[in-house]
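This is work16.cif. It holds mmCIF, C-alpha atoms; chains and numbers go by the auth columns.
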data_data
loop_
_atom_site.group_PDB
_atom_site.id
_atom_site.type_symbol
_atom_site.label_atom_id
_atom_site.label_comp_id
_atom_site.label_asym_id
_atom_site.label_seq_id
_atom_site.Cartn_x
_atom_site.Cartn_y
_atom_site.Cartn_z
_atom_site.B_iso_or_equiv
_atom_site.auth_seq_id
_atom_site.auth_asym_id
ATOM 1 C CA MET A 1 13.191 -16.096 2.496 0.00 1 A
ATOM 2 C CA ASP A 2 14.333 -12.644 1.415 0.00 2 A
ATOM 3 C CA TYR A 3 12.055 -10.062 -0.106 0.00 3 A
ATOM 4 C CA GLU A 4 12.078 -10.058 -3.882 0.00 4 A
ATOM 5 C CA GLU A 5 13.514 -7.017 -5.602 0.00 5 A
ATOM 6 C CA ASP A 6 12.968 -6.418 -9.296 0.00 6 A
ATOM 7 C CA THR A 7 16.021 -4.544 -10.570 0.00 7 A
ATOM 8 C CA SER A 8 14.317 -3.774 -13.885 0.00 8 A
ATOM 9 C CA GLY A 9 12.234 -1.071 -12.196 0.00 9 A
ATOM 10 C CA GLY A 10 9.035 -3.122 -12.349 0.00 10 A
ATOM 11 C CA PHE A 11 6.711 -4.268 -9.609 0.00 11 A
ATOM 12 C CA CYS A 12 6.975 -7.543 -7.673 0.00 12 A
ATOM 13 C CA GLU A 13 3.727 -9.300 -6.779 0.00 13 A
ATOM 14 C CA ILE A 14 2.935 -10.554 -3.298 0.00 14 A
ATOM 15 C CA THR A 15 0.862 -13.697 -3.630 0.00 15 A
ATOM 16 C CA ASP A 16 0.591 -15.145 -0.134 0.00 16 A
ATOM 17 C CA GLU A 17 0.786 -14.337 3.548 0.00 17 A
ATOM 18 C CA ALA A 18 4.372 -15.586 3.979 0.00 18 A
ATOM 19 C CA ALA A 19 5.670 -13.285 1.226 0.00 19 A
ATOM 20 C CA LEU A 20 3.643 -10.413 2.682 0.00 20 A
ATOM 21 C CA LYS A 21 5.123 -10.877 6.176 0.00 21 A
ATOM 22 C CA THR A 22 8.665 -11.049 4.765 0.00 22 A
ATOM 23 C CA PHE A 23 8.087 -7.814 2.863 0.00 23 A
ATOM 24 C CA LEU A 24 6.554 -6.035 5.878 0.00 24 A
ATOM 25 C CA VAL A 25 9.503 -6.952 8.095 0.00 25 A
ATOM 26 C CA TYR A 26 11.921 -5.709 5.409 0.00 26 A
ATOM 27 C CA ALA A 27 9.944 -2.465 5.120 0.00 27 A
ATOM 28 C CA GLY A 28 9.844 -2.090 8.918 0.00 28 A
ATOM 29 C CA TYR A 29 6.056 -1.812 8.760 0.00 29 A
ATOM 30 C CA PHE A 30 6.678 1.560 7.049 0.00 30 A
ATOM 31 C CA HIS A 31 7.842 3.069 10.366 0.00 31 A
ATOM 32 C CA ASP A 32 8.755 6.768 10.040 0.00 32 A
ATOM 33 C CA GLY A 33 7.765 6.777 6.380 0.00 33 A
ATOM 34 C CA VAL A 34 5.629 9.481 4.835 0.00 34 A
ATOM 35 C CA ILE A 35 2.856 8.836 2.342 0.00 35 A
ATOM 36 C CA SER A 36 3.735 11.379 -0.333 0.00 36 A
ATOM 37 C CA THR A 37 1.217 10.270 -2.968 0.00 37 A
ATOM 38 C CA ILE A 38 -1.951 8.227 -3.258 0.00 38 A
ATOM 39 C CA SER A 39 -3.354 7.930 -6.775 0.00 39 A
ATOM 40 C CA TYR A 40 -6.289 6.055 -8.259 0.00 40 A
ATOM 41 C CA VAL A 41 -6.760 4.852 -11.851 0.00 41 A
ATOM 42 C CA SER A 42 -10.241 3.567 -12.660 0.00 42 A
ATOM 43 C CA GLY A 43 -9.774 2.508 -16.263 0.00 43 A
ATOM 44 C CA SER A 44 -12.690 4.610 -17.487 0.00 44 A
ATOM 45 C CA LYS A 45 -12.004 7.265 -20.104 0.00 45 A
ATOM 46 C CA CYS A 46 -13.572 9.491 -22.711 0.00 46 A
ATOM 47 C CA VAL A 47 -13.360 8.083 -26.218 0.00 47 A
ATOM 48 C CA GLY A 48 -14.300 10.553 -28.926 0.00 48 A
ATOM 49 C CA SER A 49 -17.522 12.231 -27.909 0.00 49 A
ATOM 50 C CA GLY A 50 -18.625 9.495 -25.522 0.00 50 A
ATOM 51 C CA THR A 51 -17.564 8.106 -22.220 0.00 51 A
ATOM 52 C CA HIS A 52 -16.139 4.609 -21.996 0.00 52 A
ATOM 53 C CA VAL A 53 -17.125 3.477 -18.514 0.00 53 A
ATOM 54 C CA ILE A 54 -15.673 0.123 -17.543 0.00 54 A
ATOM 55 C CA ASP A 55 -13.619 0.705 -14.366 0.00 55 A
ATOM 56 C CA ASN A 56 -11.577 -2.303 -15.384 0.00 56 A
ATOM 57 C CA LEU A 57 -8.327 -1.241 -13.684 0.00 57 A
ATOM 58 C CA ARG A 58 -9.256 0.055 -10.215 0.00 58 A
ATOM 59 C CA GLN A 59 -5.583 0.551 -9.295 0.00 59 A
ATOM 60 C CA VAL A 60 -4.377 2.484 -6.261 0.00 60 A
ATOM 61 C CA THR A 61 -0.712 3.444 -5.983 0.00 61 A
ATOM 62 C CA VAL A 62 0.651 4.503 -2.593 0.00 62 A
ATOM 63 C CA ARG A 63 4.136 6.037 -2.498 0.00 63 A
ATOM 64 C CA ILE A 64 5.839 5.898 0.914 0.00 64 A
ATOM 65 C CA GLU A 65 9.113 7.826 1.221 0.00 65 A
ATOM 66 C CA GLY A 66 11.843 8.118 3.863 0.00 66 A
ATOM 67 C CA LEU A 67 11.863 4.483 4.979 0.00 67 A
ATOM 68 C CA TRP A 68 14.577 2.539 6.736 0.00 68 A
ATOM 69 C CA ASN A 69 14.801 -1.109 7.717 0.00 69 A
ATOM 70 C CA ARG A 70 16.539 -3.392 10.185 0.00 70 A
ATOM 71 C CA THR A 71 19.678 -3.548 8.039 0.00 71 A
ATOM 72 C CA ASN A 72 19.842 0.261 8.252 0.00 72 A
ATOM 73 C CA ILE A 73 19.127 0.904 4.610 0.00 73 A
ATOM 74 C CA ARG A 74 17.912 4.458 4.978 0.00 74 A
ATOM 75 C CA GLY A 75 16.135 6.868 2.736 0.00 75 A
ATOM 76 C CA TYR A 76 14.434 4.483 0.335 0.00 76 A
ATOM 77 C CA THR A 77 10.956 4.633 -1.129 0.00 77 A
ATOM 78 C CA VAL A 78 8.321 1.941 -1.575 0.00 78 A
ATOM 79 C CA GLU A 79 5.504 2.087 -4.085 0.00 79 A
ATOM 80 C CA LEU A 80 2.568 -0.155 -3.306 0.00 80 A
ATOM 81 C CA LEU A 81 0.277 -1.032 -6.213 0.00 81 A
ATOM 82 C CA PHE A 82 -3.142 -2.313 -5.205 0.00 82 A
ATOM 83 C CA GLU A 83 -4.989 -3.918 -8.120 0.00 83 A
ATOM 84 C CA ASN A 84 -8.671 -4.811 -8.355 0.00 84 A
ATOM 85 C CA THR A 85 -9.336 -2.377 -5.525 0.00 85 A
ATOM 86 C CA LEU A 86 -12.588 -3.151 -3.753 0.00 86 A
ATOM 87 C CA LYS A 87 -12.726 -0.314 -1.220 0.00 87 A
ATOM 88 C CA MET A 88 -10.622 2.690 -0.304 0.00 88 A
ATOM 89 C CA VAL A 89 -10.969 5.315 2.419 0.00 89 A
ATOM 90 C CA VAL A 90 -8.449 8.150 2.543 0.00 90 A
ATOM 91 C CA ILE A 91 -8.337 10.300 5.682 0.00 91 A
ATOM 92 C CA PRO A 92 -5.918 13.247 5.396 0.00 92 A
ATOM 93 C CA THR A 93 -3.611 13.943 8.324 0.00 93 A
ATOM 94 C CA PRO A 94 -4.761 17.103 10.162 0.00 94 A
ATOM 95 C CA PRO A 95 -2.408 20.034 9.421 0.00 95 A
ATOM 96 C CA VAL A 96 -1.308 20.316 13.057 0.00 96 A
ATOM 97 C CA LEU A 97 -0.104 16.709 13.252 0.00 97 A
ATOM 98 C CA THR A 98 2.895 14.958 11.747 0.00 98 A
ATOM 99 C CA SER A 99 2.338 12.817 8.677 0.00 99 A
ATOM 100 C CA PHE A 100 4.970 10.289 9.749 0.00 100 A
ATOM 101 C CA ILE A 101 3.660 6.751 9.863 0.00 101 A
ATOM 102 C CA PHE A 102 4.385 5.336 13.288 0.00 102 A
ATOM 103 C CA SER A 103 3.372 1.878 12.142 0.00 103 A
ATOM 104 C CA ALA A 104 1.159 0.532 9.370 0.00 104 A
ATOM 105 C CA ASN A 105 0.100 -2.939 8.410 0.00 105 A
ATOM 106 C CA ILE A 106 -1.101 -4.935 5.453 0.00 106 A
ATOM 107 C CA LEU A 107 -3.278 -7.893 6.334 0.00 107 A
ATOM 108 C CA TYR A 108 -4.080 -10.857 4.101 0.00 108 A
ATOM 109 C CA GLN A 109 -7.607 -12.032 4.880 0.00 109 A
ATOM 110 C CA GLY A 110 -9.908 -14.120 2.733 0.00 110 A
ATOM 111 C CA GLY A 111 -7.717 -13.694 -0.335 0.00 111 A
ATOM 112 C CA LYS A 112 -7.729 -9.899 0.007 0.00 112 A
ATOM 113 C CA PHE A 113 -5.011 -7.432 0.984 0.00 113 A
ATOM 114 C CA ILE A 114 -5.968 -4.786 3.541 0.00 114 A
ATOM 115 C CA PHE A 115 -3.643 -1.785 4.015 0.00 115 A
ATOM 116 C CA LEU A 116 -4.171 0.068 7.286 0.00 116 A
ATOM 117 C CA LYS A 117 -2.261 3.301 7.970 0.00 117 A
ATOM 118 C CA ASP A 118 -1.246 4.115 11.552 0.00 118 A
ATOM 119 C CA VAL A 119 -2.287 0.861 13.149 0.00 119 A
ATOM 120 C CA ASP A 120 -0.508 -1.579 15.444 0.00 120 A
ATOM 121 C CA SER A 121 1.628 -3.760 13.184 0.00 121 A
ATOM 122 C CA VAL A 122 0.854 -6.888 15.181 0.00 122 A
ATOM 123 C CA ASN A 123 -2.912 -6.455 15.329 0.00 123 A
ATOM 124 C CA GLU A 124 -4.411 -9.022 12.944 0.00 124 A
ATOM 125 C CA ASP A 125 -7.995 -8.714 14.226 0.00 125 A
ATOM 126 C CA ILE A 126 -8.877 -5.251 12.962 0.00 126 A
ATOM 127 C CA ASP A 127 -12.183 -4.893 11.163 0.00 127 A
ATOM 128 C CA PRO A 128 -11.656 -2.380 8.322 0.00 128 A
ATOM 129 C CA ASP A 129 -15.311 -1.320 8.483 0.00 129 A
ATOM 130 C CA SER A 130 -14.843 -0.089 12.056 0.00 130 A
ATOM 131 C CA TYR A 131 -11.397 1.451 11.427 0.00 131 A
ATOM 132 C CA ASP A 132 -11.466 5.261 11.249 0.00 132 A
ATOM 133 C CA GLY A 133 -8.219 5.840 9.342 0.00 133 A
ATOM 134 C CA THR A 134 -6.915 5.434 5.817 0.00 134 A
ATOM 135 C CA TYR A 135 -7.315 1.937 4.427 0.00 135 A
ATOM 136 C CA ILE A 136 -7.366 0.099 1.102 0.00 136 A
ATOM 137 C CA ILE A 137 -8.803 -3.332 0.315 0.00 137 A
ATOM 138 C CA SER A 138 -7.734 -5.055 -2.905 0.00 138 A
ATOM 139 C CA GLU A 139 -7.465 -8.467 -4.521 0.00 139 A
ATOM 140 C CA ARG A 140 -3.854 -8.064 -5.656 0.00 140 A
ATOM 141 C CA LEU A 141 -0.777 -6.322 -4.250 0.00 141 A
ATOM 142 C CA LYS A 142 2.528 -5.448 -5.877 0.00 142 A
ATOM 143 C CA TYR A 143 5.454 -3.366 -4.663 0.00 143 A
ATOM 144 C CA LYS A 144 8.523 -1.621 -5.952 0.00 144 A
ATOM 145 C CA ILE A 145 11.590 -0.643 -3.898 0.00 145 A
ATOM 146 C CA ILE A 146 13.262 2.593 -4.995 0.00 146 A
ATOM 147 C CA LYS A 147 16.675 3.259 -3.452 0.00 147 A
#
Conversion result in structure tokens:
Amino acid sequence: MDYEEDTSGGFCEITDEAALKTFLVYAGYFHDGVISTISYVSGSKCVGSGTHVIDNLRQVTVRIEGLWNRTNIRGYTVELLFENTLKMVVIPTPPVLTSFIFSANILYQGGKFIFLKDVDSVNEDIDPDSYDGTYIISERLKYKIIK
């Protein structure tokens, strides 16, 4: 099974563990990529003179640039779109260290996607609550490849 690429510029949804593993292998577990942007959209907004608080979107977008994969496609970007985000912890890289990702992983556990930055790509037993780096837990995951 090959990864799915939407040539219309839209996002492709990952719905199961097999599709997730195929995508991670294609993306080389984000090796040597750089997270250039992390953004959060809650869904809440001001309407007129009042605040409309629903938090119905809870979307996190992570843009990872400078990736390459096993077929030597170099210099592409991946945008990950986490929907129905349940928890997010962002730990900035200290200014004296490189922001390159040596290896990252996305786990699929209990119907949830768990993104872990700078973690062993083969470690499936990590507990996000004891992890001290950047992580995101969501109910849905989509991606977009930008070449």
Just checking: using only C-alpha atoms, which residue out of A:Leu141, A:Thr93, A:Phe113, A:Leu57 ends up closest to A:Lys45?
A:Leu57
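Picture a line from atom CA of A:Tyr40 to atom CA of A:Tyr135; it runs 13.4 Å.
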Return as CSV the residues of stretch 6-57 of chain A lying at most 10 Å from stretch 79-85 of chain A, together with the closest atom-to-atom pair for each and the distance in Å to one decimal, counting only C-alpha atoms, with rows in chain order and ascending residue number.
residue,atom,partner,partner_atom,distance
A:Phe11,CA,A:Leu81,CA,8.0
A:Cys12,CA,A:Leu81,CA,9.5
A:Glu13,CA,A:Leu81,CA,9.0
A:Ile35,CA,A:Glu79,CA,9.7
A:Thr37,CA,A:Glu79,CA,9.3
A:Ile38,CA,A:Leu80,CA,9.5
A:Ser39,CA,A:Leu81,CA,9.7
A:Tyr40,CA,A:Thr85,CA,9.4
A:Val41,CA,A:Glu83,CA,9.7
A:Ser42,CA,A:Thr85,CA,9.3
A:Asp55,CA,A:Asn84,CA,9.5
A:Asn56,CA,A:Asn84,CA,8.0
A:Leu57,CA,A:Asn84,CA,6.4
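Among the candidates A:Ala27, A:Ile91, A:Leu20, A:Leu86, the one nearest to A:Ile106 when counting all atoms listed in the file is A:Leu20.
One finds atom CA of A:Leu67 at 7.9 Å from atom CA of A:Gly28.
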Assuming the chain letters and numbering stay as they are in my file, what does the PyMOL selection byres ((chain A and resi 116) around 8) actually select? List them as a count of residues only.
13
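Taken over the shown file, the PyMOL selection byres ((chain A and resi 108) around 10) identifies Thr15, Asp16, Glu17, Ala18, Leu20, Lys21, Asn105, Ile106, Leu107, Gln109, Gly110, Gly111, Lys112, Phe113, Ile114, Phe115, Glu124, Ile137, Ser138 and Glu139 of chain A.
Evaluated against the shown file, the PyMOL selection byres ((chain A and resi 66) around 6) gives Gly33, Glu65, Leu67, Gly75 and Tyr76 of chain A.
For the residues A:Val78, A:Val89, A:Ile146, A:Ile101, ranking by smallest atom-to-atom distance to A:Phe23 using only C-alpha atoms places A:Val78 first.
Here atom CA of A:Ala19 and atom CA of A:Tyr143 stand 11.5 Å from one another.
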Please write out, as JSON, where the centre of an axis-aligned box around all listed atoms of stretch 105-118 of chain A lies and how long its edges are, in Å to one decimal, after adding 3 Å on each side.
{"center_x": -4.9, "center_y": -5.0, "center_z": 5.6, "size_x": 16.0, "size_y": 24.2, "size_z": 17.9}
